$ cat coords_31.tsv   # TSV, C-alpha atoms and all ligand atoms
chain	number	residue	atom	x	y	z
A	1	MET	CA	36.83	-3.95	-46.58
A	2	VAL	CA	37.58	-1.87	-43.56
A	3	ALA	CA	36.90	-3.28	-40.11
A	4	ASP	CA	35.53	-0.01	-38.81
A	5	GLN	CA	33.09	-0.64	-36.03
A	6	SER	CA	34.77	1.36	-33.32
A	7	ARG	CA	34.22	5.03	-34.18
A	8	LYS	CA	31.09	5.42	-32.21
A	9	ALA	CA	29.83	3.33	-29.33
A	10	ALA	CA	26.79	1.28	-30.32
A	11	ARG	CA	23.62	3.01	-29.20
A	12	THR	CA	20.04	2.11	-28.77
A	13	ASP	CA	16.89	4.17	-28.31
A	14	VAL	CA	16.86	2.80	-24.76
A	15	GLU	CA	20.32	4.03	-23.91
A	16	GLU	CA	23.43	3.48	-21.91
A	17	THR	CA	23.23	3.11	-18.19
A	18	ALA	CA	24.80	4.89	-15.27
A	19	ALA	CA	27.67	7.28	-15.12
A	20	PRO	CA	31.01	5.79	-14.17
A	21	GLY	CA	31.89	5.87	-10.50
A	22	GLY	CA	35.07	6.33	-8.47
A	23	ALA	CA	37.74	8.88	-9.14
A	24	ASP	CA	36.47	9.44	-12.67
A	25	VAL	CA	33.21	11.16	-11.70
A	26	PHE	CA	32.81	14.62	-13.20
A	27	HIS	CA	30.41	17.07	-11.62
A	28	PHE	CA	27.39	17.46	-13.82
A	29	GLU	CA	25.20	20.21	-12.42
A	30	ASP	CA	21.59	21.01	-13.30
A	31	ALA	CA	22.88	24.13	-15.02
A	32	ASP	CA	25.18	22.01	-17.24
A	33	PHE	CA	22.31	19.75	-18.26
A	34	GLU	CA	20.13	22.79	-19.02
A	35	ARG	CA	22.89	24.27	-21.14
A	36	VAL	CA	23.28	21.03	-23.13
A	37	ARG	CA	19.52	20.85	-23.63
A	38	LYS	CA	19.35	24.42	-24.87
A	39	LEU	CA	22.31	24.08	-27.23
A	40	ILE	CA	21.15	20.87	-28.92
A	41	TYR	CA	17.54	22.07	-29.14
A	42	GLN	CA	18.51	25.35	-30.75
A	43	HIS	CA	20.87	23.69	-33.21
A	44	ALA	CA	19.25	20.35	-34.06
A	45	GLY	CA	15.70	20.57	-32.71
A	46	ILE	CA	16.40	17.59	-30.44
A	47	THR	CA	14.44	17.77	-27.19
A	48	LEU	CA	16.02	16.02	-24.22
A	49	SER	CA	13.64	15.17	-21.39
A	50	ASP	CA	14.71	15.02	-17.73
A	51	SER	CA	15.02	11.24	-18.05
A	52	LYS	CA	17.91	11.69	-20.53
A	53	ARG	CA	20.22	13.22	-17.95
A	54	THR	CA	22.26	10.05	-17.31
A	55	MET	CA	22.46	9.39	-21.02
A	56	VAL	CA	23.75	12.90	-21.68
A	57	TYR	CA	26.34	12.52	-18.93
A	58	SER	CA	27.63	9.18	-20.17
A	59	ARG	CA	27.89	10.37	-23.76
A	60	LEU	CA	29.58	13.70	-23.08
A	61	VAL	CA	31.92	12.42	-20.41
A	62	ARG	CA	33.75	10.55	-23.18
A	63	ARG	CA	34.41	13.88	-24.86
A	64	LEU	CA	35.70	15.41	-21.62
A	65	ARG	CA	38.11	12.50	-21.22
A	66	ALA	CA	39.21	12.65	-24.85
A	67	LEU	CA	40.00	16.36	-24.50
A	68	GLY	CA	41.42	16.19	-20.99
A	69	GLU	CA	38.77	18.62	-19.73
A	70	SER	CA	38.25	18.55	-15.98
A	71	ASP	CA	34.65	19.71	-15.75
A	72	PHE	CA	31.49	20.11	-17.76
A	73	SER	CA	31.27	23.87	-17.55
A	74	SER	CA	34.67	24.39	-19.17
A	75	TYR	CA	33.82	21.74	-21.77
A	76	LEU	CA	30.54	23.48	-22.59
A	77	ARG	CA	32.28	26.84	-22.76
A	78	ARG	CA	34.64	25.36	-25.30
A	79	VAL	CA	31.71	24.03	-27.36
A	80	GLN	CA	29.80	27.28	-27.11
A	81	ASN	CA	32.82	29.42	-27.94
A	82	GLY	CA	32.95	27.97	-31.40
A	83	ASP	CA	35.47	25.11	-31.21
A	84	GLY	CA	34.38	23.87	-34.64
A	85	PRO	CA	35.41	20.20	-34.50
A	86	GLU	CA	34.22	19.88	-30.91
A	87	TRP	CA	30.88	21.40	-31.79
A	88	GLN	CA	30.34	18.59	-34.30
A	89	ASN	CA	31.53	15.98	-31.77
A	90	PHE	CA	29.07	17.42	-29.27
A	91	VAL	CA	26.20	17.09	-31.78
A	92	ASN	CA	27.31	13.60	-32.83
A	93	SER	CA	27.40	12.55	-29.17
A	94	LEU	CA	23.81	13.56	-28.56
A	95	THR	CA	22.07	11.95	-31.53
A	96	THR	CA	20.48	8.53	-31.26
A	97	ASN	CA	21.14	6.44	-34.31
A	98	LEU	CA	19.22	3.20	-33.90
A	99	THR	CA	18.40	1.73	-37.30
A	100	SER	CA	18.40	-1.58	-39.17
A	101	PHE	CA	18.02	-3.11	-42.61
A	102	TYR	CA	14.34	-3.43	-43.63
A	103	ARG	CA	13.18	-1.62	-40.49
A	104	GLU	CA	9.38	-1.25	-40.72
A	105	ALA	CA	9.43	-3.63	-43.65
A	106	HIS	CA	5.92	-2.79	-44.90
A	107	HIS	CA	7.27	0.57	-46.15
A	108	PHE	CA	9.59	-1.14	-48.62
A	109	LYS	CA	6.72	-3.13	-50.15
A	110	ILE	CA	4.87	0.15	-50.70
A	111	LEU	CA	8.02	1.76	-52.11
A	112	ALA	CA	8.48	-1.17	-54.53
A	113	ARG	CA	4.93	-0.78	-55.89
A	114	HIS	CA	5.40	2.98	-56.13
A	115	LEU	CA	8.62	2.61	-58.15
A	116	GLU	CA	7.07	-0.03	-60.42
A	117	ALA	CA	4.24	2.43	-61.20
A	118	GLN	CA	6.63	5.17	-62.38
A	119	PRO	CA	7.36	5.59	-66.13
A	120	ALA	CA	10.19	3.16	-67.00
A	121	GLN	CA	12.60	5.74	-68.40
A	122	SER	CA	12.07	8.38	-65.73
A	123	LYS	CA	14.80	9.12	-63.20
A	124	LYS	CA	13.46	8.25	-59.75
A	125	ARG	CA	14.84	10.42	-56.97
A	126	ILE	CA	14.60	9.37	-53.35
A	127	TRP	CA	15.70	11.33	-50.29
A	128	CYS	CA	16.48	9.48	-47.08
A	129	ALA	CA	16.54	12.37	-44.61
A	130	ALA	CA	17.81	10.73	-41.39
A	131	ALA	CA	20.01	8.03	-42.84
A	132	SER	CA	22.07	7.19	-39.76
A	133	THR	CA	24.61	4.43	-40.46
A	134	GLY	CA	23.20	3.63	-43.90
A	135	GLU	CA	21.01	0.58	-43.41
A	136	GLU	CA	17.92	2.53	-44.48
A	137	PRO	CA	19.24	4.08	-47.73
A	138	TYR	CA	20.84	0.76	-48.72
A	139	THR	CA	17.52	-1.01	-48.09
A	140	ILE	CA	15.93	1.58	-50.39
A	141	ALA	CA	18.57	0.73	-53.02
A	142	PHE	CA	17.94	-3.04	-52.66
A	143	THR	CA	14.21	-2.37	-53.07
A	144	ALA	CA	14.77	-0.30	-56.21
A	145	ILE	CA	17.03	-2.93	-57.79
A	146	GLU	CA	14.47	-5.67	-57.14
A	147	ALA	CA	11.40	-3.63	-58.09
A	148	LEU	CA	12.87	-2.28	-61.32
A	149	GLY	CA	14.54	-5.57	-62.26
A	150	SER	CA	17.90	-3.97	-62.97
A	151	SER	CA	21.25	-3.93	-61.21
A	152	ASN	CA	21.64	-0.37	-62.48
A	153	PRO	CA	18.16	1.13	-62.04
A	154	ALA	CA	17.35	4.74	-62.95
A	155	VAL	CA	17.35	5.69	-59.28
A	156	GLU	CA	19.27	8.32	-57.38
A	157	ILE	CA	19.21	8.12	-53.58
A	158	VAL	CA	20.35	11.07	-51.50
A	159	ALA	CA	21.00	10.06	-47.90
A	160	SER	CA	21.54	12.75	-45.28
A	161	ASP	CA	21.98	13.10	-41.55
A	162	ILE	CA	23.20	15.75	-39.14
A	163	ASP	CA	25.71	13.35	-37.56
A	164	THR	CA	29.03	13.16	-39.43
A	165	SER	CA	30.25	10.03	-37.61
A	166	VAL	CA	27.29	7.93	-38.75
A	167	LEU	CA	27.62	9.27	-42.29
A	168	ALA	CA	31.26	8.15	-42.36
A	169	ARG	CA	30.18	4.66	-41.29
A	170	ALA	CA	27.36	4.66	-43.84
A	171	GLU	CA	29.86	5.43	-46.61
A	172	GLN	CA	32.02	2.50	-45.48
A	173	ALA	CA	28.90	0.29	-45.90
A	174	THR	CA	30.48	-2.35	-43.67
A	175	TYR	CA	28.33	-4.11	-41.09
A	176	PRO	CA	28.64	-6.96	-38.61
A	177	LEU	CA	27.13	-10.22	-39.86
A	178	ASP	CA	24.48	-10.24	-37.14
A	179	THR	CA	22.88	-7.08	-38.60
A	180	VAL	CA	21.93	-9.09	-41.69
A	181	ALA	CA	21.12	-12.34	-39.87
A	182	LYS	CA	17.40	-12.07	-40.68
A	183	MET	CA	17.89	-11.21	-44.34
A	184	GLU	CA	16.93	-13.81	-46.95
A	185	PRO	CA	20.09	-15.69	-48.06
A	186	GLU	CA	19.43	-14.76	-51.71
A	187	ARG	CA	19.37	-11.06	-50.88
A	188	LEU	CA	22.46	-11.36	-48.77
A	189	LYS	CA	24.32	-13.02	-51.62
A	190	HIS	CA	23.03	-10.55	-54.17
A	191	PHE	CA	23.78	-7.33	-52.29
A	192	PHE	CA	26.73	-8.03	-49.98
A	193	LEU	CA	30.34	-9.18	-50.03
A	194	ARG	CA	31.49	-11.34	-47.14
A	195	GLY	CA	34.62	-10.34	-45.27
A	196	LYS	CA	37.56	-12.70	-45.13
A	197	GLY	CA	40.64	-12.84	-42.94
A	198	THR	CA	40.70	-9.81	-40.64
A	199	ASN	CA	37.25	-8.86	-41.96
A	200	GLU	CA	35.72	-12.21	-41.02
A	201	GLY	CA	32.32	-11.59	-39.40
A	202	LEU	CA	31.67	-8.47	-41.49
A	203	VAL	CA	29.74	-7.87	-44.69
A	204	ARG	CA	30.01	-4.97	-47.10
A	205	VAL	CA	27.38	-3.63	-49.48
A	206	LYS	CA	28.48	-4.31	-53.08
A	207	PRO	CA	29.90	-1.37	-55.06
A	208	GLU	CA	27.10	-1.43	-57.66
A	209	VAL	CA	24.58	-0.83	-54.85
A	210	ARG	CA	26.75	1.72	-53.04
A	211	CYS	CA	27.01	3.85	-56.15
A	212	LEU	CA	23.24	4.45	-56.14
A	213	VAL	CA	23.53	6.33	-52.84
A	214	THR	CA	25.10	9.74	-52.22
A	215	PHE	CA	25.66	10.84	-48.63
A	216	LYS	CA	25.65	14.41	-47.39
A	217	GLN	CA	25.44	16.17	-44.08
A	218	LEU	CA	22.18	18.04	-43.65
A	219	ASN	CA	20.52	19.53	-40.59
A	220	LEU	CA	16.77	19.28	-41.02
A	221	LEU	CA	16.44	22.43	-38.94
A	222	ASP	CA	18.52	24.58	-41.29
A	223	SER	CA	16.50	27.18	-43.11
A	224	ARG	CA	18.08	26.13	-46.44
A	225	TRP	CA	18.77	22.57	-47.51
A	226	PRO	CA	21.52	21.77	-50.04
A	227	LEU	CA	19.22	19.76	-52.28
A	228	GLU	CA	16.33	20.30	-54.62
A	229	GLY	CA	13.13	18.45	-55.35
A	230	PRO	CA	11.06	16.98	-56.72
A	231	PHE	CA	11.49	13.60	-55.05
A	232	THR	CA	9.64	10.45	-56.04
A	233	ALA	CA	9.78	9.43	-52.38
A	234	ILE	CA	11.08	10.89	-49.12
A	235	PHE	CA	11.98	8.80	-46.07
A	236	CYS	CA	12.04	10.83	-42.86
A	237	ARG	CA	11.64	8.07	-40.33
A	238	ASN	CA	12.21	7.97	-36.59
A	239	VAL	CA	13.71	11.43	-36.33
A	240	MET	CA	10.56	13.53	-35.82
A	241	ILE	CA	10.14	11.82	-32.43
A	242	TYR	CA	13.06	13.88	-31.14
A	243	PHE	CA	11.42	17.16	-32.23
A	244	ASP	CA	8.62	19.12	-30.62
A	245	LYS	CA	5.24	19.35	-32.35
A	246	GLU	CA	5.84	22.77	-33.85
A	247	THR	CA	9.12	21.62	-35.44
A	248	GLN	CA	7.49	18.40	-36.69
A	249	LEU	CA	4.68	20.26	-38.43
A	250	LYS	CA	6.98	22.86	-39.98
A	251	LEU	CA	9.29	20.10	-41.22
A	252	ALA	CA	6.43	18.03	-42.66
A	253	ARG	CA	5.30	21.05	-44.69
A	254	ARG	CA	8.82	21.69	-46.00
A	255	LEU	CA	9.20	18.03	-46.99
A	256	ALA	CA	5.82	18.08	-48.75
A	257	ALA	CA	7.02	21.04	-50.81
A	258	LEU	CA	9.87	18.91	-52.20
A	259	LEU	CA	7.69	15.94	-53.09
A	260	ALA	CA	6.74	15.16	-56.71
A	261	PRO	CA	2.98	15.55	-57.39
A	262	ASP	CA	2.49	11.78	-57.09
A	263	GLY	CA	5.29	11.24	-54.53
A	264	LEU	CA	5.18	9.45	-51.19
A	265	ILE	CA	6.55	10.44	-47.78
A	266	PHE	CA	7.39	7.76	-45.24
A	267	PHE	CA	7.50	8.61	-41.52
A	268	GLY	CA	8.36	6.40	-38.55
A	269	HIS	CA	5.90	4.13	-36.75
A	270	SER	CA	5.15	6.57	-33.92
A	271	GLU	CA	5.09	9.74	-35.99
A	272	ASN	CA	1.57	10.98	-36.49
A	273	LEU	CA	1.20	13.83	-38.96
A	274	SER	CA	-2.58	14.16	-38.88
A	275	GLN	CA	-2.24	17.88	-38.10
A	276	VAL	CA	-0.92	18.68	-41.57
A	277	ARG	CA	-3.97	17.22	-43.30
A	278	ASP	CA	-4.21	20.30	-45.51
A	279	VAL	CA	-0.93	19.32	-47.25
A	280	LEU	CA	-0.45	15.59	-46.58
A	281	GLU	CA	-2.99	12.81	-46.67
A	282	SER	CA	-2.41	9.39	-45.17
A	283	CYS	CA	-2.30	6.55	-47.70
A	284	GLY	CA	-1.07	3.68	-45.50
A	285	GLN	CA	0.61	3.04	-42.19
A	286	THR	CA	2.66	6.26	-41.69
A	287	VAL	CA	2.83	6.82	-45.46
A	288	TYR	CA	1.59	10.10	-46.88
A	289	LYS	CA	0.92	11.73	-50.27
A	290	HIS	CA	-0.07	15.26	-51.29
A	291	ALA	CA	-3.52	16.04	-49.95
A	292	ASN	CA	-4.73	16.96	-53.42
A	293	ALA	CA	-3.08	13.99	-55.24
A	294	ARG	CA	-5.36	11.59	-57.10
B	1	LIG	C1	16.84	6.89	-34.68
B	1	LIG	S1	17.76	7.37	-36.09
B	1	LIG	C2	16.65	6.86	-37.39
B	1	LIG	C3	17.38	6.22	-38.55
B	1	LIG	C4	16.51	5.75	-39.69
B	1	LIG	N1	15.80	6.84	-40.30
B	1	LIG	C5	15.56	4.67	-39.25
B	1	LIG	O1	14.35	4.93	-39.14
B	1	LIG	O2	16.01	3.54	-39.02
B	1	LIG	C6	17.57	9.16	-36.09
B	1	LIG	C7	18.61	9.88	-36.93
B	1	LIG	O3	18.21	11.24	-37.06
B	1	LIG	C8	19.36	12.04	-37.07
B	1	LIG	N2	19.00	13.43	-36.70
B	1	LIG	C9	18.67	13.92	-35.49
B	1	LIG	N3	18.44	15.24	-35.57
B	1	LIG	C10	18.62	15.60	-36.86
B	1	LIG	C11	18.52	16.84	-37.57
B	1	LIG	N4	18.19	17.99	-36.96
B	1	LIG	N5	18.79	16.84	-38.90
B	1	LIG	C12	19.12	15.68	-39.53
B	1	LIG	N6	19.23	14.49	-38.91
B	1	LIG	C13	18.97	14.44	-37.59
B	1	LIG	C14	20.28	11.37	-36.05
B	1	LIG	O4	21.63	11.72	-36.24
B	1	LIG	C15	19.99	9.89	-36.30
B	1	LIG	O5	20.94	9.30	-37.15
$ encode --input "coords_31.tsv" --output "structure tokens" --more "lines below"
Ligand SMILES: C[S@@+](CC[C@H](N)C(=O)[O-])C[C@H]1O[C@@H](n2cnc3c(N)ncnc32)[C@H](O)[C@@H]1O
Amino acid sequence: MVADQSRKAARTDVEETAAPGGADVFHFEDADFERVRKLIYQHAGITLSDSKRTMVYSRLVRRLRALGESDFSSYLRRVQNGDGPEWQNFVNSLTTNLTSFYREAHHFKILARHLEAQPAQSKKRIWCAAASTGEEPYTIAFTAIEALGSSNPAVEIVASDIDTSVLARAEQATYPLDTVAKMEPERLKHFFLRGKGTNEGLVRVKPEVRCLVTFKQLNLLDSRWPLEGPFTAIFCRNVMIYFDKETQLKLARRLAALLAPDGLIFFGHSENLSQVRDVLESCGQTVYKHANAR
């Protein structure tokens, strides 16, 4: 087990506080903020409101320090001029990756019933489209194992995200103990290994669960996605909130096109897709099916 909790500073949807003071202050002009906003919107669809200015500063200033850049405009020039690795670091810095095991737990009960209702021999394919650090796709795997009563269920889970640093952590599948503190002890024992020695205080998802999940980088805004439907279920939760309405509706239609005729799409708690009623019909709290499905 690898004690790898340091790659990316822990983030919340609320966000880090003020910029550092003293000699370390970098000038961050309105024009710099506008440039960041434009770049991340065009590339990832992420809209950054005025209130995110301090957050943007505190996240990107780490990159300036790491690269020894002295000001934001030269850093942004570097990003814009196609410094490949830095472009990805820039994107990774601006995503918000809050997630947890069994987040919005009612969805996993619905998923369990949906999987139980599928023909026993059929391969069930699930796409987790904003997988972050992996808690969501692994929860999907736990649900499939329990619902289908097999440690090797006929389930394939594709987990994607735009952010390469969270995907690397997801593949490690190693988490601090407090992230599983609320999990039933039986589940914990069944699905995780406990770290010992230098890994004390960490747990790792067991290999037989990890092998159900394949991770890949995917930008939901790209015009082509490196995967094919149909999917038995699609999870696209708590990512639409960063997109404007037009992007949300376009994305919902594209996801619907990859859904099996009787498939289900799960969105996040504050993501209302009532405007795509012609293709998706609500069938539970932020759960949707094809509008014409029986
Ligand atoms: C708040 S997390 C949600 C994680 C998980 N789905 C959940 O509900 O717990 C949002 C995730 O969306 C990803 N994301 C943001 N923009 C994206 C895009 N254009 N394409 C793919 N993923 C994106 C971020 O990197 C982040 O990991």
$ residues_near_ligand --input "coords_31.tsv" --ligand "ligand LIG 1 (chain B)" --cutoff "9 Å" --atoms "all atoms listed in the file" --output "number ranges by chain"
A: 12-13, 41, 43-46, 91-92, 94-104, 128-137, 160-167, 217-222, 235-243, 267-269
$ residues_around --input "coords_31.tsv" --residues "Ser274 in chain A" --least-positions-apart "2" --cutoff "12 Å" --atoms "all atoms listed in the file" --output "list in words"
Lys245, Gln248, Leu249, Ala252, Arg253, Phe267, Ser270, Glu271, Asn272, Val276, Arg277, Asp278, Val279, Leu280, Glu281, Ser282, Cys283, Thr286, Val287, Tyr288 and Ala291 of chain A
$ closest_residue --input "coords_31.tsv" --among "A:Gln172, A:Asn89, A:Ser58, A:Ser223" --to "Cys211 in chain A" --atoms "all atoms listed in the file"
A:Gln172
$ residues_near_point --input "coords_31.tsv" --point "(29.0, 0.2, -58.2)" --cutoff "12 Å" --atoms "all atoms listed in the file" --output "list in words"
Ala141, Ser151, Asn152, Pro153, Phe191, Phe192, Val205, Lys206, Pro207, Glu208, Val209, Arg210, Cys211, Leu212, Val213 and Thr214 of chain A
$ write_last_selection --input "coords_31.tsv" --atoms "C-alpha atoms" --output "PDB file, keeping the file's coordinate frame"
ATOM      1  CA  ALA A 141      18.570   0.730 -53.020  1.00  0.00           C
ATOM      2  CA  SER A 151      21.250  -3.930 -61.210  1.00  0.00           C
ATOM      3  CA  ASN A 152      21.640  -0.370 -62.480  1.00  0.00           C
ATOM      4  CA  PRO A 153      18.160   1.130 -62.040  1.00  0.00           C
ATOM      5  CA  PHE A 191      23.780  -7.330 -52.290  1.00  0.00           C
ATOM      6  CA  PHE A 192      26.730  -8.030 -49.980  1.00  0.00           C
ATOM      7  CA  VAL A 205      27.380  -3.630 -49.480  1.00  0.00           C
ATOM      8  CA  LYS A 206      28.480  -4.310 -53.080  1.00  0.00           C
ATOM      9  CA  PRO A 207      29.900  -1.370 -55.060  1.00  0.00           C
ATOM     10  CA  GLU A 208      27.100  -1.430 -57.660  1.00  0.00           C
ATOM     11  CA  VAL A 209      24.580  -0.830 -54.850  1.00  0.00           C
ATOM     12  CA  ARG A 210      26.750   1.720 -53.040  1.00  0.00           C
ATOM     13  CA  CYS A 211      27.010   3.850 -56.150  1.00  0.00           C
ATOM     14  CA  LEU A 212      23.240   4.450 -56.140  1.00  0.00           C
ATOM     15  CA  VAL A 213      23.530   6.330 -52.840  1.00  0.00           C
ATOM     16  CA  THR A 214      25.100   9.740 -52.220  1.00  0.00           C
TER      17      THR A 214
END
$ atom_distance --input "coords_31.tsv" --atom1 "CA of Lys182 in chain A" --atom2 "CA of Leu264 in chain A"
26.9 Å
$ residues_near_point --input "coords_31.tsv" --point "(32.6, -11.1, -51.4)" --cutoff "9 Å" --atoms "all atoms listed in the file" --output "PDB file with C-alpha atoms, keeping the file's coordinate frame"
ATOM      1  CA  LYS A 189      24.320 -13.020 -51.620  1.00  0.00           C
ATOM      2  CA  PHE A 192      26.730  -8.030 -49.980  1.00  0.00           C
ATOM      3  CA  LEU A 193      30.340  -9.180 -50.030  1.00  0.00           C
ATOM      4  CA  ARG A 194      31.490 -11.340 -47.140  1.00  0.00           C
ATOM      5  CA  GLY A 195      34.620 -10.340 -45.270  1.00  0.00           C
ATOM      6  CA  LYS A 196      37.560 -12.700 -45.130  1.00  0.00           C
ATOM      7  CA  VAL A 203      29.740  -7.870 -44.690  1.00  0.00           C
ATOM      8  CA  ARG A 204      30.010  -4.970 -47.100  1.00  0.00           C
ATOM      9  CA  LYS A 206      28.480  -4.310 -53.080  1.00  0.00           C
TER      10      LYS A 206
END
$ axis_aligned_box --input "coords_31.tsv" --around "range 89-94 of chain A" --padding-each-side "6 Å" --output "JSON"
{"center_x": 27.7, "center_y": 15.0, "center_z": -30.7, "size_x": 19.7, "size_y": 16.9, "size_z": 16.3}
$ atom_distance --input "coords_31.tsv" --atom1 "CA of Gly229 in chain A" --atom2 "CA of Ile145 in chain A"
21.9 Å
$ atom_distance --input "coords_31.tsv" --atom1 "CA of Leu258 in chain A" --atom2 "CA of Phe231 in chain A"
6.2 Å
$ residues_around --input "coords_31.tsv" --residues "Arg187 in chain A" --least-positions-apart "5" --cutoff "10 Å" --atoms "all atoms listed in the file" --output "VMD selection string"
chain A and resid 142 146 180 192
$ closest_residue --input "coords_31.tsv" --among "A:Trp127, A:Pro261, A:Glu171, A:Ser49" --to "Trp225 in chain A" --atoms "all atoms listed in the file"
A:Trp127
$ closest_residue --input "coords_31.tsv" --among "A:Thr247, A:Pro230, A:Ser74, A:Val25" --to "Thr47 in chain A" --atoms "all atoms listed in the file"
A:Thr247
$ residues_around --input "coords_31.tsv" --residues "range 112-122 of chain A" --least-positions-apart "5" --cutoff "9 Å" --atoms "only C-alpha atoms" --output "ChimeraX atom specification"
/A:107,140,143-144,146-148,154-155,232-233,263-264
$ write_last_selection --input "coords_31.tsv" --atoms "C-alpha atoms" --output "PDB file, in the frame of the given file"
ATOM      1  CA  HIS A 107       7.270   0.570 -46.150  1.00  0.00           C
ATOM      2  CA  ILE A 140      15.930   1.580 -50.390  1.00  0.00           C
ATOM      3  CA  THR A 143      14.210  -2.370 -53.070  1.00  0.00           C
ATOM      4  CA  ALA A 144      14.770  -0.300 -56.210  1.00  0.00           C
ATOM      5  CA  GLU A 146      14.470  -5.670 -57.140  1.00  0.00           C
ATOM      6  CA  ALA A 147      11.400  -3.630 -58.090  1.00  0.00           C
ATOM      7  CA  LEU A 148      12.870  -2.280 -61.320  1.00  0.00           C
ATOM      8  CA  ALA A 154      17.350   4.740 -62.950  1.00  0.00           C
ATOM      9  CA  VAL A 155      17.350   5.690 -59.280  1.00  0.00           C
ATOM     10  CA  THR A 232       9.640  10.450 -56.040  1.00  0.00           C
ATOM     11  CA  ALA A 233       9.780   9.430 -52.380  1.00  0.00           C
ATOM     12  CA  GLY A 263       5.290  11.240 -54.530  1.00  0.00           C
ATOM     13  CA  LEU A 264       5.180   9.450 -51.190  1.00  0.00           C
TER      14      LEU A 264
END
